[in-house]
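> Sending over start_5.cif (mmCIF, C-alpha atoms).
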```cif
data_start
#
loop_
_atom_site.label_atom_id
_atom_site.label_comp_id
_atom_site.auth_asym_id
_atom_site.auth_seq_id
_atom_site.Cartn_x
_atom_site.Cartn_y
_atom_site.Cartn_z
CA MET N 1 64.57 84.08 67.62
CA ARG N 2 67.76 82.99 69.35
CA GLY N 3 69.56 85.91 67.71
CA PHE N 4 66.87 88.39 68.73
CA PHE N 5 66.95 87.44 72.40
CA ALA N 6 70.73 87.22 72.40
CA ALA N 7 70.88 90.79 71.06
CA LEU N 8 68.28 91.86 73.66
CA ALA N 9 70.36 90.33 76.46
CA GLY N 10 73.54 91.90 75.07
CA GLY N 11 71.81 95.27 74.81
CA LEU N 12 70.50 95.14 78.39
CA PHE N 13 73.96 94.08 79.55
CA GLY N 14 75.56 97.00 77.71
CA ALA N 15 73.00 99.49 79.01
CA GLY N 16 73.57 98.21 82.54
CA LEU N 17 77.34 98.52 82.22
CA LEU N 18 77.10 102.11 81.02
CA VAL N 19 74.41 103.21 83.52
CA SER N 20 76.20 101.59 86.46
CA GLY N 21 79.46 103.34 85.58
CA MET N 22 81.31 100.08 84.94
CA THR N 23 82.70 101.36 81.64
CA ASP N 24 84.37 104.14 83.65
CA THR N 25 87.81 102.77 84.56
CA ARG N 26 88.12 105.24 87.45
CA LYS N 27 85.19 103.57 89.22
CA VAL N 28 86.60 100.07 88.74
CA GLN N 29 90.10 101.06 89.82
CA GLY N 30 88.58 103.18 92.59
CA TRP N 31 86.86 100.11 94.00
CA LEU N 32 90.04 98.05 93.82
CA ASP N 33 92.09 100.86 95.36
CA ILE N 34 91.83 100.29 99.09
CA PHE N 35 94.63 102.81 99.76
CA GLY N 36 93.06 105.59 97.68
CA THR N 37 89.62 107.23 97.74
CA TRP N 38 87.65 103.99 97.88
CA ASP N 39 84.63 103.92 95.55
CA PRO N 40 81.94 101.44 96.65
CA THR N 41 79.96 101.54 93.36
CA LEU N 42 81.13 98.13 92.08
CA ALA N 43 79.72 96.36 95.13
CA PHE N 44 76.28 97.85 94.39
CA VAL N 45 76.54 96.76 90.75
CA MET N 46 77.51 93.22 91.71
CA GLY N 47 74.76 93.02 94.32
CA GLY N 48 72.17 94.43 91.92
CA ALA N 49 73.16 91.95 89.21
CA ILE N 50 73.28 88.90 91.46
CA LEU N 51 69.69 89.41 92.73
CA PRO N 52 67.82 88.85 89.41
CA MET N 53 70.28 86.10 88.47
CA ALA N 54 69.66 84.25 91.75
CA VAL N 55 65.92 84.36 91.00
CA ALA N 56 66.61 83.14 87.44
CA TRP N 57 68.65 80.14 88.66
CA ARG N 58 65.75 79.26 90.98
CA ILE N 59 63.30 79.38 88.04
CA THR N 60 65.48 76.96 86.02
CA LYS N 61 64.77 74.12 88.48
CA GLY N 62 62.60 71.47 86.79
CA ARG N 63 62.23 73.54 83.59
CA THR N 64 63.95 73.93 80.23
CA PRO N 65 64.94 77.14 78.39
CA LEU N 66 62.11 78.83 76.46
CA LEU N 67 63.88 78.28 73.14
CA GLY N 68 64.63 74.64 73.91
CA GLY N 69 67.71 72.66 74.87
CA PRO N 70 68.92 71.93 78.39
CA PHE N 71 70.08 74.49 80.91
CA PRO N 72 73.85 74.62 81.33
CA PRO N 73 74.83 71.98 83.91
CA ALA N 74 76.70 73.09 87.01
CA PRO N 75 80.44 72.50 86.58
CA ALA N 76 82.17 70.12 88.97
CA PRO N 77 83.12 72.11 92.08
CA LYS N 78 86.80 71.54 91.41
CA ILE N 79 89.28 74.34 91.99
CA GLY N 80 91.92 73.55 89.39
CA ARG N 81 95.25 75.15 88.75
CA ASN N 82 94.03 76.89 85.59
CA LEU N 83 91.16 78.55 87.46
CA VAL N 84 93.56 80.04 89.99
CA ILE N 85 96.34 81.05 87.57
CA GLY N 86 93.82 82.42 85.05
CA SER N 87 91.88 84.44 87.62
CA VAL N 88 95.07 85.97 89.03
CA LEU N 89 96.27 86.94 85.52
CA PHE N 90 92.85 88.35 84.68
CA GLY N 91 92.65 90.35 87.92
CA PHE N 92 96.10 91.78 87.32
CA GLY N 93 95.10 93.08 83.88
CA TRP N 94 91.73 94.25 85.19
CA GLY N 95 93.39 96.35 87.89
CA LEU N 96 95.99 97.72 85.50
CA ALA N 97 93.51 98.97 82.87
CA GLY N 98 90.24 99.09 84.80
CA LEU N 99 88.53 97.19 81.99
CA CYS N 100 87.15 93.66 81.78
CA PRO N 101 85.77 91.91 78.67
CA GLY N 102 82.11 93.11 78.80
CA PRO N 103 82.78 96.82 79.38
CA SER N 104 85.62 96.81 76.82
CA ILE N 105 83.14 95.89 74.05
CA ALA N 106 80.39 98.16 75.43
CA SER N 107 82.69 101.21 75.40
CA LEU N 108 84.39 100.58 72.03
CA THR N 109 82.91 103.67 70.40
CA TYR N 110 83.64 106.06 73.26
CA GLY N 111 86.77 104.60 74.86
CA GLY N 112 89.21 106.18 72.40
CA TRP N 113 92.25 104.40 70.98
CA GLY N 114 93.10 103.01 74.41
CA GLY N 115 89.87 101.01 74.38
CA VAL N 116 90.52 99.73 70.87
CA ILE N 117 94.08 98.66 71.77
CA PHE N 118 92.72 96.87 74.83
CA VAL N 119 90.17 94.87 72.81
CA VAL N 120 92.69 93.91 70.08
CA SER N 121 95.23 92.82 72.66
CA MET N 122 92.57 90.95 74.69
CA CYS N 123 91.56 89.01 71.56
CA LEU N 124 95.22 88.14 70.90
CA GLY N 125 95.45 86.86 74.47
CA MET N 126 92.30 84.79 73.94
CA LEU N 127 93.80 83.38 70.76
CA ALA N 128 96.95 82.37 72.64
CA ALA N 129 95.10 80.89 75.63
CA PRO N 130 94.32 77.38 74.25
CA SER N 131 97.98 76.57 73.53
CA LEU N 132 99.06 78.00 76.89
CA ARG N 133 96.41 75.88 78.57
CA ALA N 134 97.69 72.78 76.76
CA ARG N 135 101.24 73.51 77.92
CA LEU N 136 100.16 74.09 81.52
CA ASP N 137 98.15 70.85 81.48
CA ALA N 138 101.13 68.93 80.04
CA ALA N 139 103.45 70.40 82.69
CA ASN N 140 100.89 69.55 85.35
CA ALA N 141 100.56 65.95 84.15
CA ALA N 142 104.36 65.54 84.03
CA SER N 143 104.91 66.75 87.59
CA MET P 1 78.41 110.41 95.59
CA GLN P 2 75.18 108.82 96.85
CA ILE P 3 73.48 109.14 93.46
CA GLU P 4 76.28 107.09 91.91
CA TRP P 5 75.44 104.14 94.17
CA ILE P 6 71.87 104.30 92.94
CA TYR P 7 73.07 104.29 89.32
CA GLY P 8 75.32 101.38 90.25
CA LEU P 9 72.43 99.43 91.73
CA ALA P 10 70.07 100.24 88.83
CA GLY P 11 72.71 99.33 86.24
CA GLY P 12 73.53 96.19 88.19
CA ILE P 13 69.88 95.10 88.09
CA LEU P 14 69.87 95.66 84.30
CA ILE P 15 72.95 93.43 84.05
CA GLY P 16 71.24 90.77 86.15
CA VAL P 17 68.07 90.95 84.05
CA ALA P 18 70.23 90.58 80.92
CA GLY P 19 71.79 87.45 82.38
CA ALA P 20 68.34 86.13 83.32
CA VAL P 21 67.04 86.67 79.75
CA TYR P 22 70.05 84.90 78.24
CA LEU P 23 69.69 82.02 80.70
CA LEU P 24 65.92 81.51 80.80
CA ILE P 25 65.22 82.14 77.11
CA ASN P 26 68.39 81.08 75.28
CA GLY P 27 69.61 78.64 77.91
CA ARG P 28 73.09 80.16 77.98
CA ILE P 29 75.34 81.60 80.65
CA MET P 30 76.07 85.27 80.10
CA GLY P 31 79.83 85.26 80.39
CA ALA P 32 81.45 87.97 78.27
CA SER P 33 84.89 86.34 78.07
CA GLY P 34 83.43 82.97 77.03
CA ILE P 35 81.17 84.57 74.41
CA ILE P 36 84.03 86.59 72.90
CA GLY P 37 86.73 83.95 73.39
CA GLY P 38 84.73 81.17 71.74
CA LEU P 39 84.32 83.35 68.65
CA VAL P 40 87.99 84.35 68.62
CA ASP P 41 89.40 80.82 68.90
CA GLY P 42 86.61 79.20 66.86
CA SER P 43 85.36 76.92 69.66
CA ALA P 44 81.86 78.47 69.62
CA GLY P 45 80.85 76.31 66.61
CA PRO P 46 77.10 76.38 65.95
CA GLN P 47 76.60 78.90 68.77
CA SER P 48 78.54 81.53 66.83
CA ARG P 49 75.54 83.35 65.32
CA GLU P 50 73.79 83.73 68.67
CA ARG P 51 77.01 85.07 70.20
CA VAL P 52 77.57 87.57 67.42
CA TRP P 53 74.04 88.90 68.02
CA PHE P 54 74.77 89.19 71.74
CA LEU P 55 77.89 91.22 70.97
CA VAL P 56 75.98 93.41 68.49
CA GLY P 57 73.54 94.33 71.29
CA LEU P 58 76.38 94.85 73.75
CA PHE P 59 78.16 97.16 71.32
CA VAL P 60 75.23 99.09 69.81
CA VAL P 61 73.08 99.92 72.85
CA PRO P 62 75.77 101.68 74.95
CA THR P 63 76.91 103.49 71.81
CA VAL P 64 73.40 104.89 71.26
CA ILE P 65 72.88 105.76 74.96
CA ALA P 66 76.29 107.46 75.14
CA PHE P 67 75.43 109.45 72.00
CA LEU P 68 72.06 110.52 73.46
CA MET P 69 73.77 111.48 76.73
CA GLY P 70 76.08 113.75 74.77
CA GLY P 71 79.08 111.46 75.15
CA ALA P 72 80.64 109.20 77.74
CA ASP P 73 84.20 108.47 78.71
CA THR P 74 86.07 105.45 80.03
CA TYR P 75 88.96 107.57 81.36
CA VAL P 76 91.25 104.73 80.37
CA THR P 77 94.96 105.48 80.79
CA ASP P 78 96.79 106.91 77.77
CA ASN P 79 99.76 104.65 78.54
CA PHE P 80 99.26 102.39 75.50
CA LEU P 81 101.91 99.91 76.64
CA ALA P 82 100.05 99.40 79.93
CA ILE P 83 96.74 98.99 78.07
CA ALA P 84 98.19 96.44 75.63
CA ALA P 85 99.74 94.43 78.48
CA ALA P 86 96.48 94.59 80.46
CA GLY P 87 94.49 93.35 77.44
CA LEU P 88 96.81 90.35 77.06
CA PHE P 89 96.51 89.48 80.76
CA VAL P 90 92.72 89.78 80.63
CA GLY P 91 92.46 87.72 77.41
CA VAL P 92 94.73 84.88 78.52
CA GLY P 93 93.54 84.91 82.14
CA THR P 94 89.80 84.84 81.51
CA ARG P 95 90.10 81.97 79.01
CA LEU P 96 92.37 79.97 81.27
CA ALA P 97 89.96 80.49 84.18
CA ASN P 98 86.91 79.98 81.94
CA GLY P 99 85.24 83.18 83.04
CA CYS P 100 85.43 86.80 84.05
CA THR P 101 83.39 89.30 86.08
CA SER P 102 80.13 88.39 84.33
CA GLY P 103 80.53 84.61 84.08
CA HIS P 104 82.24 83.77 87.38
CA GLY P 105 81.12 86.91 89.23
CA VAL P 106 77.47 87.52 88.32
CA CYS P 107 76.37 84.12 86.95
CA GLY P 108 78.59 81.96 89.18
CA ILE P 109 78.08 83.61 92.56
CA SER P 110 74.30 83.81 92.01
CA ARG P 111 74.14 80.00 91.72
CA LEU P 112 76.56 79.69 94.67
CA SER P 113 79.21 78.07 92.47
CA LEU P 114 82.38 77.38 94.42
CA ARG P 115 84.47 77.97 91.28
CA GLY P 116 82.80 81.34 90.70
CA ILE P 117 83.34 82.43 94.29
CA VAL P 118 87.00 81.35 94.35
CA ALA P 119 87.70 82.94 90.94
CA THR P 120 86.08 86.22 92.07
CA ILE P 121 88.15 86.36 95.27
CA MET P 122 91.30 85.67 93.20
CA TYR P 123 90.73 88.32 90.52
CA ILE P 124 89.65 90.96 93.01
CA GLY P 125 92.75 90.24 95.11
CA ALA P 126 95.02 90.39 92.05
CA GLY P 127 93.24 93.53 90.84
CA GLY P 128 93.80 95.22 94.18
CA ALA P 129 97.48 94.21 94.08
CA ALA P 130 97.81 95.57 90.53
CA VAL P 131 96.35 98.94 91.56
CA ILE P 132 98.76 99.16 94.50
CA LEU P 133 101.72 98.23 92.28
CA PHE P 134 100.96 100.30 89.17
CA LYS P 135 99.34 103.32 90.85
CA HIS P 136 100.95 103.74 94.22
CA VAL P 137 104.36 102.09 93.75
CA LEU P 138 105.25 102.59 90.08
CA GLY P 139 102.88 105.46 89.33
CA VAL P 140 102.32 104.40 85.70
CA VAL P 141 98.51 104.60 85.69
#
```
Taking this structure as input, can you express it in the form of structure tokens?


Amino acid sequence: MRGFFAALAGGLFGAGLLVSGMTDTRKVQGWLDIFGTWDPTLAFVMGGAILPMAVAWRITKGRTPLLGGPFPPAPAPKIGRNLVIGSVLFGFGWGLAGLCPGPSIASLTYGGWGGVIFVVSMCLGMLAAPSLRARLDAANAAS
Amino acid sequence: MQIEWIYGLAGGILIGVAGAVYLLINGRIMGASGIIGGLVDGSAGPQSRERVWFLVGLFVVPTVIAFLMGGADTYVTDNFLAIAAAGLFVGVGTRLANGCTSGHGVCGISRLSLRGIVATIMYIGAGGAAVILFKHVLGVV
């Protein structure tokens, strides 16, 4: 059951990414490009996605997930160094390629070799992240 | 142009409904980088099966829709060096920040998470800077 609903969620996510145009790197880069022909699509996608999610978060109050277990607790509202450094690195790569993790998987079969190279290299980055995080934390603790 | 906004909104709602299904039924946050990253570095543990199924849906459904549409394109740059570098930045960055556009952006902002809002401002700012640098200054993409 968990697998079925996970696949359903993944499928809806993928359909949404394709329909919205978020697997089209021109739209993503067009939205980030304030000095070019600015494309507002991404703002509509974000807005459209946040609405059902806001309702969902409201429904979670005082309930548990249908398949059991607790809902994920809210993280401490702490803006750490890793959050800032990580988000800046991510944004830099996102602007450069016009791809983020979800759309890169969704477009694997129609994104050509560029898309495949992106996913392989993203996974290598993810593999390297834990040791980089440990080093940053050690440097942070030492200073 | 206007029709593309409507597709954007409709697709966005689908994305939000997907996140709502994953949250309300499975009790998980739909963050693509966390789902992929936990499988890559082995930290997903007993959640691995569920995550693999999520990725199967994410991979198969757009493939089928694109096929039925007669093809789709990402128009990703053919500068393979730029793509490889971008992939590394995205992989390291999202794991360090514990989230990407779906986790911090969609799931975080919708619960008014300060971390999600700050992360989103940061990656959009950096993304805008990257487009200025690589498109307008260096002209590599």

> In the coordinates of the file, take the point (88.3, 95.1, 73.4) and a cut-off of 12 Å; then, counting only C-alpha atoms, name each qualifying protein, DNA or RNA residue as a PDB file with C-alpha atoms, in the frame of the given file.


```pdb
ATOM      1  CA  THR N  23      82.700 101.360  81.640  1.00  0.00           C
ATOM      2  CA  ALA N  97      93.510  98.970  82.870  1.00  0.00           C
ATOM      3  CA  LEU N  99      88.530  97.190  81.990  1.00  0.00           C
ATOM      4  CA  CYS N 100      87.150  93.660  81.780  1.00  0.00           C
ATOM      5  CA  PRO N 101      85.770  91.910  78.670  1.00  0.00           C
ATOM      6  CA  GLY N 102      82.110  93.110  78.800  1.00  0.00           C
ATOM      7  CA  PRO N 103      82.780  96.820  79.380  1.00  0.00           C
ATOM      8  CA  SER N 104      85.620  96.810  76.820  1.00  0.00           C
ATOM      9  CA  ILE N 105      83.140  95.890  74.050  1.00  0.00           C
ATOM     10  CA  ALA N 106      80.390  98.160  75.430  1.00  0.00           C
ATOM     11  CA  SER N 107      82.690 101.210  75.400  1.00  0.00           C
ATOM     12  CA  LEU N 108      84.390 100.580  72.030  1.00  0.00           C
ATOM     13  CA  THR N 109      82.910 103.670  70.400  1.00  0.00           C
ATOM     14  CA  TYR N 110      83.640 106.060  73.260  1.00  0.00           C
ATOM     15  CA  GLY N 111      86.770 104.600  74.860  1.00  0.00           C
ATOM     16  CA  GLY N 112      89.210 106.180  72.400  1.00  0.00           C
ATOM     17  CA  TRP N 113      92.250 104.400  70.980  1.00  0.00           C
ATOM     18  CA  GLY N 114      93.100 103.010  74.410  1.00  0.00           C
ATOM     19  CA  GLY N 115      89.870 101.010  74.380  1.00  0.00           C
ATOM     20  CA  VAL N 116      90.520  99.730  70.870  1.00  0.00           C
ATOM     21  CA  ILE N 117      94.080  98.660  71.770  1.00  0.00           C
ATOM     22  CA  PHE N 118      92.720  96.870  74.830  1.00  0.00           C
ATOM     23  CA  VAL N 119      90.170  94.870  72.810  1.00  0.00           C
ATOM     24  CA  VAL N 120      92.690  93.910  70.080  1.00  0.00           C
ATOM     25  CA  SER N 121      95.230  92.820  72.660  1.00  0.00           C
ATOM     26  CA  MET N 122      92.570  90.950  74.690  1.00  0.00           C
ATOM     27  CA  CYS N 123      91.560  89.010  71.560  1.00  0.00           C
ATOM     28  CA  LEU N 124      95.220  88.140  70.900  1.00  0.00           C
ATOM     29  CA  GLY N 125      95.450  86.860  74.470  1.00  0.00           C
ATOM     30  CA  MET N 126      92.300  84.790  73.940  1.00  0.00           C
TER      31      MET N 126
ATOM     32  CA  ALA P  32      81.450  87.970  78.270  1.00  0.00           C
ATOM     33  CA  SER P  33      84.890  86.340  78.070  1.00  0.00           C
ATOM     34  CA  ILE P  36      84.030  86.590  72.900  1.00  0.00           C
ATOM     35  CA  GLY P  37      86.730  83.950  73.390  1.00  0.00           C
ATOM     36  CA  VAL P  40      87.990  84.350  68.620  1.00  0.00           C
ATOM     37  CA  LEU P  55      77.890  91.220  70.970  1.00  0.00           C
ATOM     38  CA  LEU P  58      76.380  94.850  73.750  1.00  0.00           C
ATOM     39  CA  PHE P  59      78.160  97.160  71.320  1.00  0.00           C
ATOM     40  CA  ILE P  83      96.740  98.990  78.070  1.00  0.00           C
ATOM     41  CA  ALA P  84      98.190  96.440  75.630  1.00  0.00           C
ATOM     42  CA  ALA P  86      96.480  94.590  80.460  1.00  0.00           C
ATOM     43  CA  GLY P  87      94.490  93.350  77.440  1.00  0.00           C
ATOM     44  CA  LEU P  88      96.810  90.350  77.060  1.00  0.00           C
ATOM     45  CA  VAL P  90      92.720  89.780  80.630  1.00  0.00           C
ATOM     46  CA  GLY P  91      92.460  87.720  77.410  1.00  0.00           C
TER      47      GLY P  91
END
```

> Suppose a student applies the PyMOL selection byres ((chain P and resi 115) around 7) to this structure; what residues should they get, written as a list in words?

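Going through the file, the PyMOL selection byres ((chain P and resi 115) around 7) ends up selecting Pro77, Lys78 and Ile79 of chain N; Ser113, Leu114, Gly116, Ile117, Val118 and Ala119 of chain P.
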
> Please evaluate the PyMOL selection byres ((chain P and resi 16-26) around 7) against the displayed coordinates and give the resulting residues as a list in words.

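In the shown coordinates, the PyMOL selection byres ((chain P and resi 16-26) around 7) covers Arg2, Ala6, Ala9, Gly10, Leu12, Phe13, Gly48, Ala49, Ile50, Leu51, Pro52, Met53, Ala56, Thr60, Pro65, Leu66 and Leu67 of chain N; Gly12, Ile13, Leu14, Ile15, Gly27, Arg28, Ile29 and Met30 of chain P.
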
> To one decimal in Å, tell me the separation between CA of Thr94 in chain P and CA of Phe92 in chain N.

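CA of Phe92 in chain N lies 11.0 Å from CA of Thr94 in chain P.
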
> Quote the spacing between CA of Gly62 in chain N and CA of Gly3 in chain N in Å to one decimal place.

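Spanning CA of Gly62 in chain N to CA of Gly3 in chain N is a straight-line distance of 24.9 Å.
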
> Would you work out the distance separating CA of Phe89 in chain P from CA of Gly93 in chain N, expressed in Å to one decimal?

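So the two atoms, CA of Phe89 in chain P and CA of Gly93 in chain N, lie 5.0 Å apart.
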
> Looking at all atoms listed in the file, which of N:Gly91, N:Met1, N:Pro40, N:Leu136 is the one that sits closest to Gly128 in chain P?

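Checking each of N:Gly91, N:Met1, N:Pro40, N:Leu136 against Gly128 in chain P, counting all atoms listed in the file, the winner is N:Gly91.
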
> Choose the residue, out of P:Gly139, P:Gly42, P:Gly108, P:Pro62, that has the smallest atom-to-atom separation from chain N; count only C-alpha atoms.

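For chain N, the nearest of the given residues is P:Pro62.
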
> For each of N:Arg26, N:Val84, N:Ser143, N:Gly47, take the minimum atom-to-atom distance to Val141 in chain P, counting all atoms listed in the file, then give the residue where this is smallest.

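When distances to Val141 in chain P are compared using all atoms listed in the file, the smallest one comes from N:Arg26.
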
> Determine, counting only C-alpha atoms, every residue of protein, DNA or RNA that lies within 12 Å of (87.7, 90.2, 98.4) in the file coordinates, then give the result as a ChimeraX atom specification.

/N:31-34,43,91 /P:105,117-129

> Using the partial input, fill out range 68-97 of chain N with N, CA and C atoms; write the result as a PDB file, in the frame of the given file.


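The new file rebuild.pdb reads:
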```pdb
ATOM      1  N   GLY N  68      64.241  76.045  74.011  1.00  0.00           N
ATOM      2  CA  GLY N  68      64.630  74.640  73.910  1.00  0.00           C
ATOM      3  C   GLY N  68      66.052  74.363  74.373  1.00  0.00           C
ATOM      4  N   GLY N  69      66.383  73.080  74.419  1.00  0.00           N
ATOM      5  CA  GLY N  69      67.710  72.660  74.870  1.00  0.00           C
ATOM      6  C   GLY N  69      67.752  72.584  76.385  1.00  0.00           C
ATOM      7  N   PRO N  70      68.800  72.007  76.926  1.00  0.00           N
ATOM      8  CA  PRO N  70      68.920  71.930  78.390  1.00  0.00           C
ATOM      9  C   PRO N  70      69.540  73.197  78.956  1.00  0.00           C
ATOM     10  N   PHE N  71      69.345  73.412  80.242  1.00  0.00           N
ATOM     11  CA  PHE N  71      70.080  74.490  80.910  1.00  0.00           C
ATOM     12  C   PHE N  71      71.528  74.049  81.100  1.00  0.00           C
ATOM     13  N   PRO N  72      72.452  75.006  81.137  1.00  0.00           N
ATOM     14  CA  PRO N  72      73.850  74.620  81.330  1.00  0.00           C
ATOM     15  C   PRO N  72      74.032  73.893  82.661  1.00  0.00           C
ATOM     16  N   PRO N  73      74.633  72.713  82.662  1.00  0.00           N
ATOM     17  CA  PRO N  73      74.830  71.980  83.910  1.00  0.00           C
ATOM     18  C   PRO N  73      75.856  72.684  84.798  1.00  0.00           C
ATOM     19  N   ALA N  74      75.722  72.493  86.090  1.00  0.00           N
ATOM     20  CA  ALA N  74      76.700  73.090  87.010  1.00  0.00           C
ATOM     21  C   ALA N  74      78.038  72.381  86.827  1.00  0.00           C
ATOM     22  N   PRO N  75      79.142  73.147  86.718  1.00  0.00           N
ATOM     23  CA  PRO N  75      80.440  72.500  86.580  1.00  0.00           C
ATOM     24  C   PRO N  75      80.835  71.802  87.880  1.00  0.00           C
ATOM     25  N   ALA N  76      81.697  70.805  87.769  1.00  0.00           N
ATOM     26  CA  ALA N  76      82.170  70.120  88.970  1.00  0.00           C
ATOM     27  C   ALA N  76      82.848  71.149  89.884  1.00  0.00           C
ATOM     28  N   PRO N  77      82.562  71.089  91.182  1.00  0.00           N
ATOM     29  CA  PRO N  77      83.120  72.110  92.080  1.00  0.00           C
ATOM     30  C   PRO N  77      84.613  71.886  92.349  1.00  0.00           C
ATOM     31  N   LYS N  78      85.379  71.840  91.262  1.00  0.00           N
ATOM     32  CA  LYS N  78      86.800  71.540  91.410  1.00  0.00           C
ATOM     33  C   LYS N  78      87.611  72.824  91.172  1.00  0.00           C
ATOM     34  N   ILE N  79      88.449  73.154  92.131  1.00  0.00           N
ATOM     35  CA  ILE N  79      89.280  74.340  91.990  1.00  0.00           C
ATOM     36  C   ILE N  79      90.614  73.899  91.381  1.00  0.00           C
ATOM     37  N   GLY N  80      90.704  73.983  90.081  1.00  0.00           N
ATOM     38  CA  GLY N  80      91.920  73.550  89.390  1.00  0.00           C
ATOM     39  C   GLY N  80      92.970  74.649  89.345  1.00  0.00           C
ATOM     40  N   ARG N  81      94.143  74.229  88.885  1.00  0.00           N
ATOM     41  CA  ARG N  81      95.250  75.150  88.750  1.00  0.00           C
ATOM     42  C   ARG N  81      94.943  76.280  87.764  1.00  0.00           C
ATOM     43  N   ASN N  82      94.322  75.898  86.624  1.00  0.00           N
ATOM     44  CA  ASN N  82      94.030  76.890  85.590  1.00  0.00           C
ATOM     45  C   ASN N  82      93.074  77.977  86.089  1.00  0.00           C
ATOM     46  N   LEU N  83      92.119  77.574  86.926  1.00  0.00           N
ATOM     47  CA  LEU N  83      91.160  78.550  87.460  1.00  0.00           C
ATOM     48  C   LEU N  83      91.891  79.595  88.302  1.00  0.00           C
ATOM     49  N   VAL N  84      92.829  79.126  89.104  1.00  0.00           N
ATOM     50  CA  VAL N  84      93.560  80.040  89.990  1.00  0.00           C
ATOM     51  C   VAL N  84      94.533  80.915  89.187  1.00  0.00           C
ATOM     52  N   ILE N  85      95.363  80.278  88.356  1.00  0.00           N
ATOM     53  CA  ILE N  85      96.340  81.050  87.570  1.00  0.00           C
ATOM     54  C   ILE N  85      95.613  82.041  86.659  1.00  0.00           C
ATOM     55  N   GLY N  86      94.570  81.565  85.980  1.00  0.00           N
ATOM     56  CA  GLY N  86      93.820  82.420  85.050  1.00  0.00           C
ATOM     57  C   GLY N  86      93.185  83.602  85.753  1.00  0.00           C
ATOM     58  N   SER N  87      92.565  83.354  86.913  1.00  0.00           N
ATOM     59  CA  SER N  87      91.880  84.440  87.620  1.00  0.00           C
ATOM     60  C   SER N  87      92.873  85.477  88.129  1.00  0.00           C
ATOM     61  N   VAL N  88      94.054  85.025  88.558  1.00  0.00           N
ATOM     62  CA  VAL N  88      95.070  85.970  89.030  1.00  0.00           C
ATOM     63  C   VAL N  88      95.567  86.834  87.864  1.00  0.00           C
ATOM     64  N   LEU N  89      95.842  86.187  86.709  1.00  0.00           N
ATOM     65  CA  LEU N  89      96.270  86.940  85.520  1.00  0.00           C
ATOM     66  C   LEU N  89      95.201  87.948  85.114  1.00  0.00           C
ATOM     67  N   PHE N  90      93.961  87.478  85.067  1.00  0.00           N
ATOM     68  CA  PHE N  90      92.850  88.350  84.680  1.00  0.00           C
ATOM     69  C   PHE N  90      92.753  89.546  85.638  1.00  0.00           C
ATOM     70  N   GLY N  91      92.780  89.278  86.942  1.00  0.00           N
ATOM     71  CA  GLY N  91      92.650  90.350  87.920  1.00  0.00           C
ATOM     72  C   GLY N  91      93.763  91.382  87.789  1.00  0.00           C
ATOM     73  N   PHE N  92      94.952  90.894  87.481  1.00  0.00           N
ATOM     74  CA  PHE N  92      96.100  91.780  87.320  1.00  0.00           C
ATOM     75  C   PHE N  92      95.868  92.754  86.163  1.00  0.00           C
ATOM     76  N   GLY N  93      95.393  92.234  85.039  1.00  0.00           N
ATOM     77  CA  GLY N  93      95.100  93.080  83.880  1.00  0.00           C
ATOM     78  C   GLY N  93      93.921  94.005  84.133  1.00  0.00           C
ATOM     79  N   TRP N  94      92.944  93.482  84.867  1.00  0.00           N
ATOM     80  CA  TRP N  94      91.730  94.250  85.190  1.00  0.00           C
ATOM     81  C   TRP N  94      92.102  95.465  86.052  1.00  0.00           C
ATOM     82  N   GLY N  95      92.959  95.249  87.032  1.00  0.00           N
ATOM     83  CA  GLY N  95      93.390  96.350  87.890  1.00  0.00           C
ATOM     84  C   GLY N  95      94.239  97.364  87.135  1.00  0.00           C
ATOM     85  N   LEU N  96      95.089  96.843  86.252  1.00  0.00           N
ATOM     86  CA  LEU N  96      95.990  97.720  85.500  1.00  0.00           C
ATOM     87  C   LEU N  96      95.233  98.655  84.567  1.00  0.00           C
ATOM     88  N   ALA N  97      94.234  98.128  83.832  1.00  0.00           N
ATOM     89  CA  ALA N  97      93.510  98.970  82.870  1.00  0.00           C
ATOM     90  C   ALA N  97      92.170  99.466  83.399  1.00  0.00           C
TER      91      ALA N  97
END
```
